[in-house]
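Have a look at coords.txt; it's compact mmCIF, C-alpha atoms:
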# COMPACT_ATOMS: atom_id res chain seq x y z
CA MET H 1 -26.92 47.75 -12.69
CA ASN H 2 -30.14 49.69 -12.26
CA ALA H 3 -31.94 46.46 -13.06
CA LYS H 4 -35.42 45.84 -11.81
CA ILE H 5 -35.84 44.32 -8.39
CA GLY H 6 -36.02 40.53 -8.43
CA MET H 7 -34.39 40.16 -11.83
CA ARG H 8 -31.19 38.19 -12.25
CA GLU H 9 -28.50 39.25 -14.68
CA PHE H 10 -27.69 36.63 -17.28
CA PHE H 11 -25.51 36.27 -20.33
CA HIS H 12 -24.60 33.53 -22.74
CA HIS H 13 -22.20 33.22 -25.67
CA GLU H 14 -22.89 30.90 -28.55
CA SER H 15 -20.48 30.14 -31.39
CA CYS H 16 -22.39 29.89 -34.64
CA MET H 17 -21.92 30.93 -38.26
CA GLY H 18 -18.20 31.44 -37.70
CA THR H 19 -18.73 34.15 -35.15
CA VAL H 20 -20.04 34.55 -31.62
CA PHE H 21 -23.53 35.57 -30.56
CA ARG H 22 -23.96 37.10 -27.13
CA PHE H 23 -27.27 37.13 -25.28
CA GLY H 24 -27.42 39.29 -22.17
CA GLY H 25 -29.95 40.95 -19.93
CA HIS H 26 -32.03 40.37 -16.83
CA THR H 27 -34.31 37.41 -16.29
CA PRO H 28 -37.36 36.95 -14.06
CA PHE H 29 -36.90 33.16 -14.26
CA ASP H 30 -34.74 30.74 -12.31
CA PRO H 31 -31.38 29.76 -13.85
CA ALA H 32 -32.66 26.43 -15.23
CA LYS H 33 -35.57 28.00 -17.08
CA THR H 34 -33.43 30.89 -18.30
CA GLU H 35 -30.84 28.48 -19.67
CA SER H 36 -33.54 26.38 -21.31
CA LEU H 37 -34.97 29.41 -23.09
CA VAL H 38 -31.58 30.65 -24.25
CA MET H 39 -30.70 27.18 -25.55
CA GLN H 40 -33.92 27.16 -27.57
CA ALA H 41 -32.97 30.57 -28.99
CA CYS H 42 -29.54 29.19 -29.90
CA ALA H 43 -31.21 26.26 -31.65
CA ILE H 44 -32.87 28.82 -33.92
CA LEU H 45 -29.43 30.17 -34.83
CA HIS H 46 -27.99 26.74 -35.54
CA GLU H 47 -30.99 25.72 -37.62
CA ALA H 48 -30.51 28.84 -39.74
CA ASP H 49 -26.82 27.99 -40.11
CA ARG H 50 -27.62 24.43 -41.24
CA THR H 51 -30.05 25.78 -43.81
CA PHE H 52 -28.15 28.76 -45.18
CA SER H 53 -24.44 28.03 -44.78
CA LEU H 54 -22.54 28.06 -48.02
CA TYR H 55 -19.61 26.53 -46.12
CA LYS H 56 -21.58 23.31 -45.57
CA PRO H 57 -21.68 21.46 -48.92
CA GLU H 58 -24.93 19.64 -48.09
CA SER H 59 -26.86 22.65 -46.82
CA PRO H 60 -30.03 23.46 -48.76
CA LEU H 61 -28.47 26.71 -49.92
CA SER H 62 -25.30 25.03 -51.17
CA ARG H 63 -27.45 22.62 -53.16
CA LEU H 64 -29.41 25.55 -54.56
CA ALA H 65 -26.18 27.36 -55.51
CA ARG H 66 -24.96 24.26 -57.38
CA GLY H 67 -28.24 24.11 -59.27
CA GLU H 68 -29.15 20.71 -57.85
CA VAL H 69 -32.54 21.80 -56.58
CA ALA H 70 -35.10 24.52 -57.25
CA ILE H 71 -36.01 26.94 -54.49
CA ASP H 72 -39.56 25.58 -54.37
CA ASP H 73 -38.14 22.16 -53.48
CA LEU H 74 -36.50 23.53 -50.32
CA VAL H 75 -37.93 24.37 -46.90
CA PRO H 76 -40.21 27.43 -47.09
CA VAL H 77 -37.85 29.53 -44.97
CA VAL H 78 -35.47 29.70 -47.94
CA THR H 79 -38.20 31.40 -49.95
CA ASP H 80 -38.88 33.73 -47.01
CA VAL H 81 -35.23 34.81 -46.96
CA TRP H 82 -35.15 35.10 -50.76
CA ASN H 83 -38.14 37.44 -50.57
CA ALA H 84 -36.58 39.41 -47.71
CA CYS H 85 -33.42 39.88 -49.77
CA ALA H 86 -35.48 41.06 -52.74
CA MET H 87 -37.29 43.55 -50.51
CA CYS H 88 -33.99 44.84 -49.08
CA GLU H 89 -32.57 45.25 -52.59
CA LYS H 90 -35.56 47.40 -53.47
CA ILE H 91 -35.48 49.47 -50.26
CA THR H 92 -31.77 50.21 -50.71
CA SER H 93 -32.22 51.20 -54.37
CA GLY H 94 -30.14 48.20 -55.39
CA TRP H 95 -27.17 48.88 -53.12
CA PHE H 96 -27.78 45.66 -51.20
CA SER H 97 -27.81 42.56 -53.34
CA ALA H 98 -27.86 38.90 -52.35
CA PHE H 99 -26.62 37.81 -55.76
CA THR H 100 -22.92 37.18 -56.08
CA PRO H 101 -20.72 38.29 -58.96
CA GLU H 102 -21.11 34.65 -60.10
CA LYS H 103 -24.91 35.15 -60.12
CA THR H 104 -25.59 32.71 -57.28
CA PHE H 105 -27.84 33.45 -54.32
CA ASP H 106 -25.81 34.35 -51.22
CA PRO H 107 -27.95 35.78 -48.40
CA SER H 108 -25.04 35.76 -45.91
CA GLY H 109 -25.37 39.52 -45.59
CA LEU H 110 -28.79 39.08 -44.06
CA VAL H 111 -29.00 35.62 -42.49
CA LYS H 112 -26.89 36.32 -39.40
CA THR H 113 -29.10 39.14 -38.15
CA TRP H 114 -32.25 37.56 -39.56
CA ALA H 115 -31.58 34.51 -37.38
CA ALA H 116 -30.64 36.69 -34.41
CA LYS H 117 -33.89 38.58 -34.76
CA ALA H 118 -35.83 35.31 -34.85
CA ALA H 119 -34.01 34.20 -31.70
CA ALA H 120 -34.76 37.56 -30.05
CA ASP H 121 -38.43 37.35 -30.98
CA PHE H 122 -38.60 33.89 -29.43
CA LEU H 123 -37.04 35.07 -26.17
CA VAL H 124 -39.19 38.19 -25.89
CA ASP H 125 -42.35 36.16 -26.51
CA ALA H 126 -41.22 33.67 -23.86
CA GLY H 127 -40.92 36.44 -21.26
CA LEU H 128 -37.17 37.05 -21.46
CA SER H 129 -37.77 40.54 -22.77
CA ASP H 130 -35.07 42.41 -20.81
CA LEU H 131 -32.48 41.55 -23.42
CA THR H 132 -29.61 42.59 -25.67
CA ILE H 133 -28.16 40.50 -28.46
CA ASN H 134 -24.77 40.92 -30.11
CA ALA H 135 -24.71 38.97 -33.37
CA GLY H 136 -21.00 38.94 -34.19
CA GLY H 137 -20.75 42.70 -33.85
CA ASP H 138 -24.30 43.71 -34.78
CA VAL H 139 -26.17 44.77 -31.67
CA TRP H 140 -29.89 44.82 -30.80
CA ILE H 141 -31.47 46.20 -27.63
CA SER H 142 -34.97 45.26 -26.52
CA GLY H 143 -37.37 47.97 -25.40
CA ASP H 144 -37.43 46.36 -21.95
CA ALA H 145 -33.64 46.43 -21.42
CA SER H 146 -33.26 47.69 -17.85
CA GLY H 147 -29.49 48.06 -17.51
CA GLU H 148 -28.04 51.47 -18.27
CA ASN H 149 -25.07 49.78 -19.93
CA ASP H 150 -27.39 47.78 -22.16
CA TRP H 151 -28.32 50.98 -23.95
CA ARG H 152 -24.73 52.07 -24.48
CA VAL H 153 -22.94 50.55 -27.45
CA GLY H 154 -19.29 50.96 -28.36
CA LEU H 155 -18.25 51.41 -31.98
CA HIS H 156 -14.99 49.64 -32.65
CA LYS H 157 -12.11 51.42 -34.33
CA PRO H 158 -11.67 50.46 -37.99
CA VAL H 159 -8.83 48.08 -37.22
CA SER H 160 -8.58 44.40 -36.45
CA ILE H 161 -8.90 43.37 -32.84
CA ALA H 162 -5.42 41.93 -33.16
CA ASP H 163 -4.08 45.34 -34.18
CA ALA H 164 -2.06 47.41 -31.74
CA GLU H 165 -4.65 50.17 -32.06
CA ALA H 166 -7.63 47.95 -31.24
CA GLY H 167 -10.20 49.69 -29.09
CA ILE H 168 -13.41 51.64 -29.05
CA ALA H 169 -13.74 54.70 -31.24
CA ALA H 170 -16.98 56.07 -29.87
CA ARG H 171 -19.89 55.23 -27.63
CA VAL H 172 -23.53 55.85 -28.37
CA ASN H 173 -26.43 55.81 -25.91
CA LEU H 174 -29.70 54.78 -27.52
CA ARG H 175 -31.97 55.16 -24.49
CA GLY H 176 -34.78 57.57 -25.26
CA THR H 177 -34.14 57.40 -29.01
CA PRO H 178 -36.14 55.52 -31.66
CA TYR H 179 -33.08 53.36 -32.33
CA ARG H 180 -32.53 49.81 -31.09
CA ALA H 181 -29.89 48.40 -33.42
CA VAL H 182 -26.25 49.10 -34.32
CA ALA H 183 -24.60 47.28 -37.22
CA THR H 184 -21.08 47.76 -38.57
CA SER H 185 -19.59 46.79 -41.90
CA GLY H 186 -15.88 47.10 -42.55
CA SER H 187 -12.79 45.66 -44.13
CA ALA H 188 -10.56 45.49 -41.06
CA GLU H 189 -11.14 41.79 -40.38
CA ARG H 190 -11.99 40.17 -43.68
CA GLY H 191 -10.68 42.62 -46.24
CA ASN H 192 -12.81 44.07 -49.00
CA HIS H 193 -15.39 41.31 -48.90
CA ILE H 194 -18.41 43.43 -49.84
CA TRP H 195 -19.01 43.65 -53.55
CA ASN H 196 -20.50 46.75 -55.11
CA PRO H 197 -23.68 45.71 -56.94
CA LYS H 198 -23.41 48.77 -59.20
CA ALA H 199 -19.76 48.41 -60.21
CA PRO H 200 -18.68 46.65 -63.40
CA ASP H 201 -18.39 42.93 -62.61
CA ARG H 202 -19.53 43.78 -59.07
CA ALA H 203 -16.01 44.73 -58.01
CA PRO H 204 -15.37 44.98 -54.26
CA ALA H 205 -16.25 48.28 -52.60
CA ASP H 206 -13.15 50.00 -51.24
CA GLU H 207 -13.84 53.70 -50.62
CA LEU H 208 -14.73 53.16 -46.95
CA VAL H 209 -12.97 51.09 -44.33
CA GLN H 210 -15.93 51.02 -41.98
CA ILE H 211 -19.46 52.26 -41.54
CA SER H 212 -21.74 51.85 -38.54
CA VAL H 213 -25.48 52.21 -39.03
CA ILE H 214 -27.81 52.89 -36.12
CA GLY H 215 -31.41 52.02 -36.84
CA ARG H 216 -34.66 50.66 -35.49
CA ASP H 217 -34.47 47.07 -36.69
CA LEU H 218 -31.48 44.74 -36.46
CA VAL H 219 -31.85 43.21 -39.91
CA MET H 220 -32.39 46.54 -41.62
CA ALA H 221 -29.44 48.13 -39.83
CA ASP H 222 -27.28 45.21 -41.00
CA VAL H 223 -28.57 45.46 -44.57
CA TRP H 224 -28.07 49.22 -44.64
CA ALA H 225 -24.54 48.89 -43.26
CA THR H 226 -23.69 46.52 -46.11
CA ALA H 227 -25.40 48.74 -48.69
CA ALA H 228 -23.78 51.91 -47.33
CA PHE H 229 -20.34 50.28 -47.38
CA ALA H 230 -20.89 49.51 -51.06
CA MET H 231 -21.97 53.12 -51.72
CA GLY H 232 -18.71 54.45 -50.33
CA HIS H 233 -18.26 58.21 -50.11
CA SER H 234 -21.86 58.93 -51.09
CA ALA H 235 -23.36 56.85 -48.28
CA ILE H 236 -23.83 59.59 -45.69
CA GLU H 237 -25.55 61.97 -48.09
CA PHE H 238 -27.70 59.08 -49.33
CA ILE H 239 -28.85 58.32 -45.78
CA ASN H 240 -29.43 61.99 -44.95
CA LYS H 241 -31.73 62.24 -47.96
CA PHE H 242 -33.40 58.90 -47.16
CA ASN H 243 -34.14 60.23 -43.67
CA LEU H 244 -35.81 63.34 -45.08
CA ASP H 245 -37.97 61.22 -47.38
CA ASN H 246 -38.67 58.45 -44.81
CA PRO H 247 -38.68 60.02 -41.34
CA GLY H 248 -40.39 56.97 -39.84
CA GLN H 249 -37.50 54.77 -41.00
CA SER H 250 -34.69 57.19 -40.23
CA MET H 251 -31.24 55.93 -39.30
CA GLN H 252 -27.90 57.44 -38.35
CA ALA H 253 -24.44 56.47 -39.50
CA LEU H 254 -20.75 57.12 -38.97
CA ALA H 255 -18.47 56.42 -41.94
CA ILE H 256 -14.70 56.20 -41.99
CA SER H 257 -13.03 56.39 -45.40
CA LYS H 258 -9.83 54.65 -46.35
CA ASP H 259 -8.18 58.08 -46.24
CA GLY H 260 -9.21 58.46 -42.60
CA GLU H 261 -11.97 60.97 -43.25
CA LEU H 262 -14.93 60.78 -40.92
CA THR H 263 -18.45 61.70 -41.91
CA ALA H 264 -21.69 61.29 -40.00
CA THR H 265 -25.38 61.78 -40.64
CA GLU H 266 -27.21 64.85 -39.37
CA GLY H 267 -28.44 63.24 -36.16
CA PHE H 268 -25.42 61.13 -35.23
CA ALA H 269 -23.79 63.49 -32.75
CA ARG H 270 -26.92 63.57 -30.58
CA LEU H 271 -26.50 59.83 -29.97
CA LEU H 272 -23.00 60.06 -28.52
CA ALA H 273 -22.90 58.82 -24.92
CA LYS H 274 -22.26 61.52 -22.37
CA MET P 275 -23.16 68.31 -39.60
CA ASN P 276 -20.38 69.25 -42.00
CA ARG P 277 -17.04 67.57 -42.36
CA ASP P 278 -15.18 70.08 -40.20
CA GLN P 279 -17.63 69.61 -37.37
CA VAL P 280 -17.26 65.87 -37.60
CA GLN P 281 -13.49 66.13 -37.68
CA ALA P 282 -13.58 68.28 -34.57
CA LEU P 283 -15.91 65.82 -32.95
CA MET P 284 -13.79 62.85 -33.78
CA THR P 285 -10.65 64.60 -32.65
CA VAL P 286 -12.26 64.72 -29.26
CA LEU P 287 -13.21 61.08 -29.57
CA ALA P 288 -9.65 60.36 -30.65
CA VAL P 289 -10.35 57.82 -33.32
CA GLY P 290 -7.11 56.09 -34.10
CA GLY P 291 -5.51 57.61 -31.05
CA SER P 292 -5.06 56.16 -27.64
CA LEU P 293 -7.73 57.98 -25.65
CA VAL P 294 -10.53 55.57 -24.93
CA GLY P 295 -13.32 56.21 -22.49
CA GLY P 296 -11.29 58.83 -20.70
CA TYR P 297 -8.31 56.57 -20.14
CA VAL P 298 -5.04 57.63 -21.61
CA ILE P 299 -2.94 54.67 -22.63
CA THR P 300 0.56 55.56 -23.62
CA GLN P 301 2.73 53.57 -25.93
CA ASP P 302 5.21 53.07 -23.12
CA GLN P 303 2.55 51.51 -20.96
CA VAL P 304 1.42 49.31 -23.79
CA ALA P 305 4.97 48.22 -24.42
CA ALA P 306 5.23 47.22 -20.81
CA HIS P 307 1.91 45.37 -21.06
CA THR P 308 0.61 47.53 -18.29
CA VAL P 309 -2.36 49.84 -18.40
CA SER P 310 -3.22 52.27 -15.64
CA PHE P 311 -6.43 54.08 -14.88
CA PRO P 312 -5.65 57.74 -14.24
CA THR P 313 -8.62 58.83 -12.18
CA THR P 314 -10.69 56.40 -10.16
CA THR P 315 -10.07 55.37 -6.59
CA PRO P 316 -8.47 53.06 -5.79
CA THR P 317 -5.84 53.31 -8.48
CA PRO P 318 -6.29 50.19 -10.56
CA THR P 319 -3.53 48.55 -12.47
CA VAL P 320 -3.66 45.97 -15.16
CA THR P 321 -0.78 43.67 -15.67
CA ALA P 322 -0.66 41.26 -18.51
CA SER P 323 1.82 38.47 -18.26
CA ALA P 324 2.12 36.08 -21.13
CA SER P 325 4.39 33.81 -19.18
CA GLY P 326 1.63 31.52 -17.98
CA THR P 327 2.29 32.53 -14.39
CA PRO P 328 -0.70 34.06 -12.64
CA SER P 329 -0.09 37.64 -11.63
CA ALA P 330 -1.86 40.54 -9.99
CA SER P 331 -3.26 38.49 -7.16
CA PRO P 332 -4.81 40.50 -4.34
CA SER P 333 -2.36 42.32 -2.20
CA ALA P 334 -1.17 40.42 0.84
CA SER P 335 -2.09 43.47 2.86
CA ALA P 336 -5.76 43.28 1.95
CA SER P 337 -7.74 43.43 5.16
CA GLN P 338 -11.04 41.79 5.96
CA THR P 339 -13.08 44.94 5.53
CA ALA P 340 -15.91 45.77 3.19
CA ALA P 341 -13.38 47.34 0.85
CA SER P 342 -11.28 44.22 0.30
CA PRO P 343 -10.55 43.55 -3.34
CA VAL P 344 -11.65 40.15 -4.63
CA THR P 345 -9.91 38.33 -7.46
CA LYS P 346 -11.46 35.51 -9.47
CA GLN P 347 -9.95 33.50 -12.28
CA GLY P 348 -11.98 32.63 -15.36
CA ALA P 349 -11.94 29.51 -17.44
CA VAL P 350 -9.45 28.97 -20.25
CA PHE P 351 -10.84 29.78 -23.67
CA THR P 352 -9.38 28.74 -26.95
CA GLU P 353 -9.02 31.49 -29.48
CA ARG P 354 -9.98 29.99 -32.80
CA ARG P 355 -8.29 32.25 -35.28
CA TYR P 356 -4.76 32.03 -33.94
CA GLY P 357 -5.13 28.86 -31.94
CA GLY P 358 -4.17 30.55 -28.71
CA ARG P 359 -5.54 30.15 -25.22
CA VAL P 360 -6.69 32.99 -23.01
CA GLN P 361 -7.30 32.99 -19.28
CA LEU P 362 -7.98 36.03 -17.17
CA SER P 363 -8.22 37.01 -13.55
CA VAL P 364 -10.41 39.94 -12.66
CA THR P 365 -10.11 41.92 -9.45
CA LYS P 366 -13.09 43.87 -8.21
CA LEU P 367 -13.39 46.40 -5.43
CA ASN P 368 -16.81 47.67 -4.41
CA GLY P 369 -18.28 46.22 -7.59
CA ALA P 370 -15.89 47.92 -9.97
CA ILE P 371 -13.19 46.17 -11.93
CA THR P 372 -9.87 47.40 -10.64
CA ALA P 373 -7.51 44.99 -12.34
CA ILE P 374 -7.45 42.36 -15.02
CA ALA P 375 -4.55 39.94 -15.20
CA LEU P 376 -3.86 37.94 -18.31
CA ASP P 377 -2.80 34.65 -16.70
CA THR P 378 -2.47 32.57 -19.81
CA ALA P 379 -2.02 33.81 -23.33
CA THR P 380 -0.57 31.46 -25.87
CA ALA P 381 -0.77 31.65 -29.61
CA THR P 382 0.71 29.58 -32.35
CA ASP P 383 1.85 31.99 -34.99
CA GLY P 384 3.44 34.95 -33.38
CA ARG P 385 0.25 36.72 -32.43
CA GLN P 386 0.82 36.37 -28.72
CA GLY P 387 1.61 40.04 -28.61
CA ALA P 388 -1.98 40.84 -29.46
CA PHE P 389 -3.42 39.58 -26.20
CA PRO P 390 -2.36 42.54 -24.07
CA TYR P 391 -4.42 44.71 -26.38
CA LEU P 392 -7.45 42.56 -25.76
CA VAL P 393 -7.00 43.28 -22.08
CA GLN P 394 -6.72 46.94 -22.97
CA GLU P 395 -10.02 46.76 -24.81
CA ALA P 396 -11.73 45.13 -21.88
CA ILE P 397 -10.50 47.87 -19.61
CA ALA P 398 -11.85 50.44 -22.04
CA ALA P 399 -15.19 48.67 -22.22
CA ASN P 400 -15.41 48.46 -18.46
CA GLY P 401 -14.60 52.10 -18.04
CA SER P 402 -17.05 53.06 -20.75
CA ASN P 403 -19.98 51.25 -19.12
CA ILE P 404 -21.08 49.55 -22.30
CA ALA P 405 -22.68 46.14 -22.67
CA ASN P 406 -21.83 45.55 -26.33
CA VAL P 407 -19.40 46.59 -29.02
CA SER P 408 -20.50 46.89 -32.65
CA GLY P 409 -17.90 45.77 -35.11
CA ALA P 410 -16.42 43.39 -32.58
CA THR P 411 -14.73 40.42 -34.18
CA TYR P 412 -14.30 36.82 -33.22
CA SER P 413 -11.15 37.48 -31.24
CA ALA P 414 -12.83 40.20 -29.22
CA ASP P 415 -15.78 37.98 -28.47
CA VAL P 416 -13.62 35.14 -27.32
CA PHE P 417 -11.86 37.54 -25.08
CA LYS P 418 -15.17 38.74 -23.75
CA GLN P 419 -16.07 35.16 -22.94
CA ALA P 420 -12.94 34.90 -20.88
CA LEU P 421 -13.74 38.14 -19.11
CA ASP P 422 -17.37 37.24 -18.49
CA SER P 423 -16.31 33.87 -17.18
CA ALA P 424 -14.20 35.56 -14.57
CA LEU P 425 -16.89 38.10 -13.77
CA SER P 426 -19.56 35.42 -13.41
CA LYS P 427 -17.71 33.96 -10.43
CA PHE P 428 -18.30 37.03 -8.28
Using structure tokens, write down the structure from this file.
Amino acid sequence: MNAKIGMREFFHHESCMGTVFRFGGHTPFDPAKTESLVMQACAILHEADRTFSLYKPESPLSRLARGEVAIDDLVPVVTDVWNACAMCEKITSGWFSAFTPEKTFDPSGLVKTWAAKAAADFLVDAGLSDLTINAGGDVWISGDASGENDWRVGLHKPVSIADAEAGIAARVNLRGTPYRAVATSGSAERGNHIWNPKAPDRAPADELVQISVIGRDLVMADVWATAAFAMGHSAIEFINKFNLDNPGQSMQALAISKDGELTATEGFARLLAK
Amino acid sequence: MNRDQVQALMTVLAVGGSLVGGYVITQDQVAAHTVSFPTTTPTPTVTASASGTPSASPSASASQTAASPVTKQGAVFTERRYGGRVQLSVTKLNGAITAIALDTATATDGRQGAFPYLVQEAIAANGSNIANVSGATYSADVFKQALDSALSKF
């Protein structure tokens, strides 16, 4: 609704990386061209999955993890992601780490949104710029999104979708804000799967059950959500201080602890949908 | 924002409660697999039947006026995690969803009871006017496919 005249609404779901990616928005093209472009974007996702999946024994990353090959022997994109992970580790003061407790390289915390961002960049460059992407629960909104609903994002309750209490905890409206991305990390679906890089033996983080991070960039929101989940109770104060020191990279967050306590960053309440 | 302010805020948002997007869903309604909208006109009702028998078809009294509700059935989707199948019918009136019927909902390991809550979430999402949910899981997305499939036929 409220879409530009002459634009057609479109959406597409693609199963990849064990989750579902949703592309939606409004297209100026006919259905055949729109579908062709979205399929090319999906090919970007699947190519990333073939390269980085640790569930596929013959993927380049699985071979790297087994020590069969050196990173320089693999396609250059592996080095790109390695470098991106190193940068994210530095930006988050070490709270995000792509190295497992077993000391192998596992960029899973970044690849899903990294691939989604690459797919989004492709679509925007191709003229499909009125767009939102939901990468298995991490949401990005293009600056050209014309639907009012496109700018409103629900934050799921910290329970499994199969739980009797499943539903939306809060809604944010990002129109008119500097923020375009919402990423959520939590234990409701896959348990305490996020290790704490600063704990002895990188034990799983368990102080929070969920944290949603609202930021400018999809990959960084995803990385910060993972890092903040690992931080636990100190995450909100960490982000508040980060925002003071880095106003151009500010983000907002809502954390829910395992005790049910809710904390939010200074600017979170202003984002709540009316 | 201090903790008390956030707690007050989230009490209003009713995290963990049953108030979503302004719709109050009582446990009794959930138990009956029926969710009602309290405010909008016309009064919409959601019925979720796991029996495999389509339900909530348009009323026989629907007249051929601009305000006639239209019901469309979506494709069957397989839910990967629990191996179940989901199929929905969506009824719209004047562009708004007024009812969602869960026509088919099978699951292999006792999780069939979860499907009515997926319908509940779709109702909440519809009423909340949101395009995406952050934190959504595979099951929710598969459900959304089923919903979108039905919606795409309008």
Practice task
Starting from the point (-31.0, 34.6, -36.1), work out which residues of protein, DNA or RNA have an atom no more than 12 Å away when counting all atoms listed in the file; state them as number ranges by chain.
Solution key: H: 14, 16-17, 20-23, 40-52, 81, 108, 110-123, 133-136, 138, 140, 218-219
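Across the model, the gap from CA of Pro178 (chain H) to CA of Gly94 (chain H) is 25.5 Å.
Picture a line from CA of Trp195 (chain H) to CA of Thr19 (chain H); it runs 20.7 Å.
Proximity ranking of H:Glu68, H:Asp125, H:Asp245, H:Glu266 relative to chain P places H:Glu266 first, based on all atoms listed in the file.
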Exercise for the section: Pick out the chain H residues within 6 Å of chain P. Count all atoms listed in the file. Give them as a count of residues only. Expected result: 15
